[in-house]
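*Asks:* Data file structure-v9.cif (mmCIF, C-alpha atoms) is appended below.
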data_my_file
loop_
_atom_site.label_atom_id
_atom_site.label_comp_id
_atom_site.auth_asym_id
_atom_site.auth_seq_id
_atom_site.Cartn_x
_atom_site.Cartn_y
_atom_site.Cartn_z
CA MET V 1 114.08 37.87 116.96
CA ASP V 2 110.87 35.87 117.29
CA ILE V 3 111.12 32.11 117.85
CA ILE V 4 108.89 30.30 115.38
CA ALA V 5 107.78 26.82 116.41
CA ILE V 6 106.17 24.41 113.96
CA GLU V 7 104.04 21.52 115.18
CA GLU V 8 101.71 19.04 113.55
CA ALA V 9 98.05 19.81 114.09
CA THR V 10 95.94 17.41 116.07
CA ALA V 11 92.38 16.35 115.36
CA GLN V 12 91.28 18.66 118.20
CA GLU V 13 92.66 21.60 116.20
CA SER V 14 90.72 20.82 113.02
CA GLU V 15 88.22 23.68 113.48
CA LEU V 16 91.10 26.10 114.01
CA ILE V 17 92.72 24.88 110.78
CA ALA V 18 89.40 25.22 108.93
CA GLY V 19 89.04 28.79 110.20
CA LEU V 20 92.49 29.77 108.95
CA VAL V 21 91.85 28.16 105.56
CA TYR V 22 88.59 30.09 105.44
CA ASP V 23 90.49 33.33 106.14
CA LEU V 24 92.89 32.47 103.32
CA LEU V 25 90.10 31.80 100.84
CA ILE V 26 88.16 34.93 101.78
CA GLU V 27 91.34 36.96 101.27
CA LEU V 28 91.93 35.37 97.85
CA PHE V 29 88.32 35.18 96.63
CA GLU V 30 86.37 37.76 98.61
CA ASP V 31 83.75 38.12 95.86
CA GLU V 32 83.11 34.36 95.81
CA ALA V 33 82.87 33.67 99.55
CA ASP V 34 79.71 31.60 99.06
CA LEU V 35 81.87 28.90 97.39
CA PHE V 36 83.54 28.25 100.74
CA PRO V 37 81.01 27.60 103.51
CA LEU V 38 82.84 27.43 106.83
CA ASP V 39 80.72 24.54 108.15
CA LYS V 40 81.69 22.43 105.13
CA MET V 41 85.36 23.26 105.68
CA LYS V 42 85.14 22.34 109.36
CA LYS V 43 83.74 18.91 108.43
CA ALA V 44 86.47 18.41 105.82
CA ALA V 45 89.23 19.43 108.23
CA ASN V 46 87.86 17.06 110.85
CA LYS V 47 88.03 14.17 108.34
CA LEU V 48 91.47 15.04 106.99
CA ILE V 49 93.39 15.81 110.17
CA HIS V 50 93.84 12.35 111.61
CA GLN V 51 96.48 9.65 111.46
CA ASP V 52 94.97 7.49 108.71
CA SER V 53 94.73 10.32 106.19
CA MET V 54 97.29 11.15 103.52
CA ALA V 55 96.96 14.82 104.50
CA TRP V 56 98.89 16.72 107.15
CA SER V 57 98.52 20.13 108.71
CA PHE V 58 101.25 22.05 110.50
CA ILE V 59 100.82 25.13 112.68
CA ALA V 60 103.39 27.89 113.10
CA LYS V 61 103.40 29.66 116.44
CA ILE V 62 105.30 32.67 117.72
CA ASP V 63 105.43 32.84 121.51
CA GLY V 64 102.52 30.40 121.64
CA GLU V 65 100.33 32.52 119.36
CA ILE V 66 99.17 30.94 116.10
CA ALA V 67 100.87 32.72 113.22
CA GLY V 68 100.10 30.48 110.25
CA ILE V 69 99.49 27.03 108.81
CA ILE V 70 100.57 24.83 105.96
CA ASN V 71 98.55 21.86 104.72
CA LEU V 72 100.16 19.08 102.70
CA ASN V 73 98.86 16.00 101.00
CA GLN V 74 100.35 13.08 99.16
CA CYS V 75 99.80 12.81 95.43
CA SER V 76 101.15 10.40 92.83
CA ALA V 77 102.39 10.96 89.30
CA ILE V 78 104.71 9.24 86.90
CA TYR V 79 106.56 12.49 86.09
CA ALA V 80 107.33 12.87 89.82
CA GLY V 81 108.68 9.34 90.10
CA GLY V 82 105.77 8.15 92.23
CA ASN V 83 104.44 9.83 95.35
CA PHE V 84 105.02 13.53 95.89
CA GLY V 85 103.85 16.30 98.18
CA GLU V 86 101.45 19.10 97.42
CA ILE V 87 100.92 22.24 99.46
CA THR V 88 97.16 22.58 99.35
CA GLU V 89 96.84 25.59 101.64
CA MET V 90 99.30 27.90 103.30
CA TYR V 91 98.30 30.95 105.28
CA VAL V 92 100.16 33.40 107.47
CA LYS V 93 98.06 35.84 109.48
CA PRO V 94 98.60 39.41 108.23
CA GLN V 95 100.22 40.62 111.47
CA PHE V 96 102.90 37.90 111.15
CA ARG V 97 103.80 38.42 107.51
CA SER V 98 107.39 39.46 106.75
CA LYS V 99 108.53 37.76 109.98
CA ALA V 100 109.92 34.58 108.31
CA VAL V 101 106.85 32.50 109.25
CA GLY V 102 106.21 31.52 105.63
CA GLU V 103 109.84 30.60 105.06
CA LYS V 104 109.84 28.44 108.19
CA LEU V 105 106.64 26.68 107.07
CA ILE V 106 108.17 25.97 103.63
CA LEU V 107 111.38 24.61 105.19
CA HIS V 108 109.29 22.38 107.43
CA ALA V 109 107.29 21.15 104.42
CA LYS V 110 110.51 20.34 102.56
CA ASP V 111 111.94 18.46 105.56
CA PHE V 112 108.67 16.55 105.96
CA SER V 113 108.74 15.73 102.23
CA LYS V 114 112.20 14.22 102.60
CA GLU V 115 110.97 12.12 105.56
CA MET V 116 108.10 10.87 103.40
CA GLY V 117 110.44 10.00 100.54
CA TRP V 118 108.93 12.58 98.20
CA ASP V 119 111.33 13.98 95.62
CA VAL V 120 108.89 16.68 94.52
CA ILE V 121 106.69 19.18 96.33
CA GLU V 122 104.25 21.38 94.41
CA VAL V 123 102.00 24.34 95.10
CA GLY V 124 99.33 25.99 92.96
CA ALA V 125 100.17 29.58 92.12
CA PRO V 126 97.58 32.31 92.63
CA ASP V 127 96.54 34.85 90.01
CA ILE V 128 99.34 36.97 88.55
CA PRO V 129 99.77 39.98 88.61
CA ARG V 130 97.37 40.41 91.55
CA TYR V 131 99.36 38.00 93.74
CA GLN V 132 102.80 38.48 92.23
CA ARG V 133 104.24 38.91 95.74
CA THR V 134 103.04 35.41 96.66
CA VAL V 135 104.52 33.90 93.51
CA ASP V 136 107.79 35.73 94.16
CA PHE V 137 107.78 34.31 97.71
CA TYR V 138 107.59 30.74 96.42
CA LEU V 139 110.20 31.39 93.73
CA SER V 140 112.59 32.79 96.36
CA ASN V 141 112.03 29.66 98.45
CA GLY V 142 113.21 27.16 95.85
CA PHE V 143 110.11 26.63 93.71
CA SER V 144 110.10 27.07 89.94
CA ASN V 145 107.25 28.26 87.79
CA THR V 146 105.69 25.34 85.91
CA GLY V 147 102.36 26.98 85.13
CA PRO V 148 98.98 27.64 86.73
CA ARG V 149 96.55 25.07 88.02
CA LEU V 150 92.96 25.02 86.81
CA THR V 151 90.02 23.90 88.93
CA ALA V 152 86.58 22.47 88.19
CA TYR V 153 84.01 22.29 90.98
CA VAL V 154 81.87 19.19 90.41
#
Using the file provided, produce a representation of the structure as structure tokens.
*Replies:*
Amino acid sequence: MDIIAIEEATAQESELIAGLVYDLLIELFEDEADLFPLDKMKKAANKLIHQDSMAWSFIAKIDGEIAGIINLNQCSAIYAGGNFGEITEMYVKPQFRSKAVGEKLILHAKDFSKEMGWDVIEVGAPDIPRYQRTVDFYLSNGFSNTGPRLTAYV
């Protein structure tokens, strides 16, 4: 059995995080790749992955090799009782899928949420039926379906 280690990303790993988020977005939206310029994502990751931000990135490694990431940020809403966590991006490299990497990242996110005092953690669901497997993954890891999220690029 593979040992999966989860560690918080450092500012020096921001370009790595941006690259993995880019891979995720290209996989999800291959026909709209121009919406996600890698240079812009590298700049954003560099800004977000530091101590003063309300965003966190965690890296999963198997035998020292990067297997996946999960990015969280703090949001606020009355329905959630105040601050809550949101999974903004989660990606497991294809060769590490079905090896419990995703489950370990979710468990880490839940533990981190408890440390932060968040009673709620949310994630936007991808298109169904195309990504039904992804939705099923989240449902099997303690999430419930509360509807899709819509996005406007401004």
*Asks:* Which residue, V:Val123, V:Asn46, V:Asp136, V:Asp63, has the smallest gap to Glu15 (chain V) when you use only C-alpha atoms?
*Replies:*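 Comparing V:Val123, V:Asn46, V:Asp136, V:Asp63 against Glu15 (chain V), the winner is V:Asn46.
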*Asks:* Which of these residues is nearest to Ile49 (chain V), using only C-alpha atoms: V:Ile87, V:Ala152, V:Ile62, V:Ala11?
*Replies:* V:Ala11
*Asks:* Point out the residue among V:Val21, V:Lys61, V:Ser76, V:Asn83 with the least atom-to-atom distance to Met116 (chain V), counting all atoms listed in the file.
*Replies:*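 Among the listed residues, V:Asn83 lies closest to Met116 (chain V).
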*Asks:* Which residues fall under the PyMOL selection byres ((chain V and resi 90) around 9) in this file, as number ranges by chain?
*Replies:* V: 21, 24, 68-72, 87-89, 91-92, 102, 105
*Asks:* Taking only C-alpha atoms into account, name the residue in V:Ala67, V:Ala77, V:Leu107, V:Val154 that is nearest to Gln95 (chain V).
*Replies:*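 Residue with the minimum atom-to-atom distance to Gln95 (chain V): V:Ala67.
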*Asks:* Could you check which of V:Glu8, V:Glu103, V:Glu27, V:Glu86 is closest to Asn73 (chain V), using all atoms listed in the file?
*Replies:*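 Closest to Asn73 (chain V) of all the choices is V:Glu86.
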*Asks:* I need region 60-150 of chain V written out with C-alpha atoms, as a short mmCIF file (atom, residue, chain, number, x, y, z; two decimals), in the first residue's frame; please produce it.
*Replies:*
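Output file out-v8.cif is given in full below:
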data_model
loop_
_atom_site.label_atom_id
_atom_site.label_comp_id
_atom_site.auth_asym_id
_atom_site.auth_seq_id
_atom_site.Cartn_x
_atom_site.Cartn_y
_atom_site.Cartn_z
CA ALA V 60 -0.39 15.02 -1.72
CA LYS V 61 2.75 12.99 -2.33
CA ILE V 62 3.33 9.28 -2.75
CA ASP V 63 6.94 8.26 -2.12
CA GLY V 64 7.95 11.90 -2.58
CA GLU V 65 6.25 12.20 -5.97
CA ILE V 66 3.50 14.80 -6.31
CA ALA V 67 0.18 13.02 -6.76
CA GLY V 68 -2.36 15.80 -6.32
CA ILE V 69 -3.42 19.06 -4.71
CA ILE V 70 -6.35 20.61 -2.94
CA ASN V 71 -6.87 24.36 -2.63
CA LEU V 72 -9.11 25.83 0.06
CA ASN V 73 -10.26 29.31 0.88
CA GLN V 74 -12.29 30.91 3.60
CA CYS V 75 -15.72 32.27 2.74
CA SER V 76 -18.48 33.75 4.89
CA ALA V 77 -22.23 33.30 4.82
CA ILE V 78 -25.09 33.61 7.24
CA TYR V 79 -26.51 30.19 6.27
CA ALA V 80 -23.14 28.63 7.20
CA GLY V 81 -23.08 30.33 10.59
CA GLY V 82 -20.19 32.62 9.64
CA ASN V 83 -16.91 31.55 8.08
CA PHE V 84 -16.72 28.31 6.12
CA GLY V 85 -14.32 26.52 3.81
CA GLU V 86 -14.54 26.12 0.08
CA ILE V 87 -12.57 23.70 -2.06
CA THR V 88 -11.69 25.86 -5.03
CA GLU V 89 -9.54 23.33 -6.88
CA MET V 90 -8.71 19.70 -6.37
CA TYR V 91 -6.68 17.65 -8.79
CA VAL V 92 -5.19 14.19 -8.71
CA LYS V 93 -2.80 13.28 -11.51
CA PRO V 94 -4.31 10.55 -13.72
CA GLN V 95 -1.68 7.94 -12.81
CA PHE V 96 -2.59 8.32 -9.10
CA ARG V 97 -6.35 8.14 -9.42
CA SER V 98 -8.10 5.25 -7.64
CA LYS V 99 -5.22 5.09 -5.13
CA ALA V 100 -7.05 6.93 -2.29
CA VAL V 101 -5.23 10.22 -2.96
CA GLY V 102 -8.49 12.13 -3.38
CA GLU V 103 -9.98 10.63 -0.23
CA LYS V 104 -6.86 11.56 1.74
CA LEU V 105 -7.00 15.14 0.41
CA ILE V 106 -10.68 15.43 1.41
CA LEU V 107 -9.98 14.07 4.90
CA HIS V 108 -7.16 16.58 5.27
CA ALA V 109 -9.47 19.40 4.13
CA LYS V 110 -12.09 18.35 6.68
CA ASP V 111 -9.50 18.20 9.48
CA PHE V 112 -8.15 21.61 8.47
CA SER V 113 -11.71 22.97 8.42
CA LYS V 114 -12.21 21.82 12.00
CA GLU V 115 -8.95 23.52 13.02
CA MET V 116 -10.19 26.73 11.41
CA GLY V 117 -13.53 26.50 13.20
CA TRP V 118 -15.50 26.05 9.99
CA ASP V 119 -18.69 24.04 10.34
CA VAL V 120 -19.21 23.81 6.59
CA ILE V 121 -17.00 22.97 3.63
CA GLU V 122 -18.29 23.29 0.07
CA VAL V 123 -17.16 22.38 -3.42
CA GLY V 124 -18.58 23.30 -6.83
CA ALA V 125 -19.78 20.28 -8.76
CA PRO V 126 -18.72 19.79 -12.37
CA ASP V 127 -21.08 19.13 -15.27
CA ILE V 128 -23.33 16.09 -14.91
CA PRO V 129 -23.53 13.57 -16.59
CA ARG V 130 -20.07 14.15 -18.12
CA TYR V 131 -18.39 14.20 -14.70
CA GLN V 132 -20.79 11.99 -12.79
CA ARG V 133 -17.82 10.00 -11.43
CA THR V 134 -16.45 13.17 -9.80
CA VAL V 135 -19.81 14.02 -8.26
CA ASP V 136 -20.14 10.44 -7.00
CA PHE V 137 -16.66 10.74 -5.45
CA TYR V 138 -17.69 13.79 -3.43
CA LEU V 139 -21.01 12.22 -2.43
CA SER V 140 -19.19 9.11 -1.19
CA ASN V 141 -16.88 11.34 0.86
CA GLY V 142 -19.58 13.00 2.93
CA PHE V 143 -20.79 15.82 0.68
CA SER V 144 -24.43 16.30 -0.26
CA ASN V 145 -25.79 17.69 -3.49
CA THR V 146 -27.04 21.25 -2.98
CA GLY V 147 -26.97 22.31 -6.63
CA PRO V 148 -24.55 23.62 -9.24
CA ARG V 149 -22.55 26.80 -9.06
CA LEU V 150 -22.74 29.38 -11.83
#
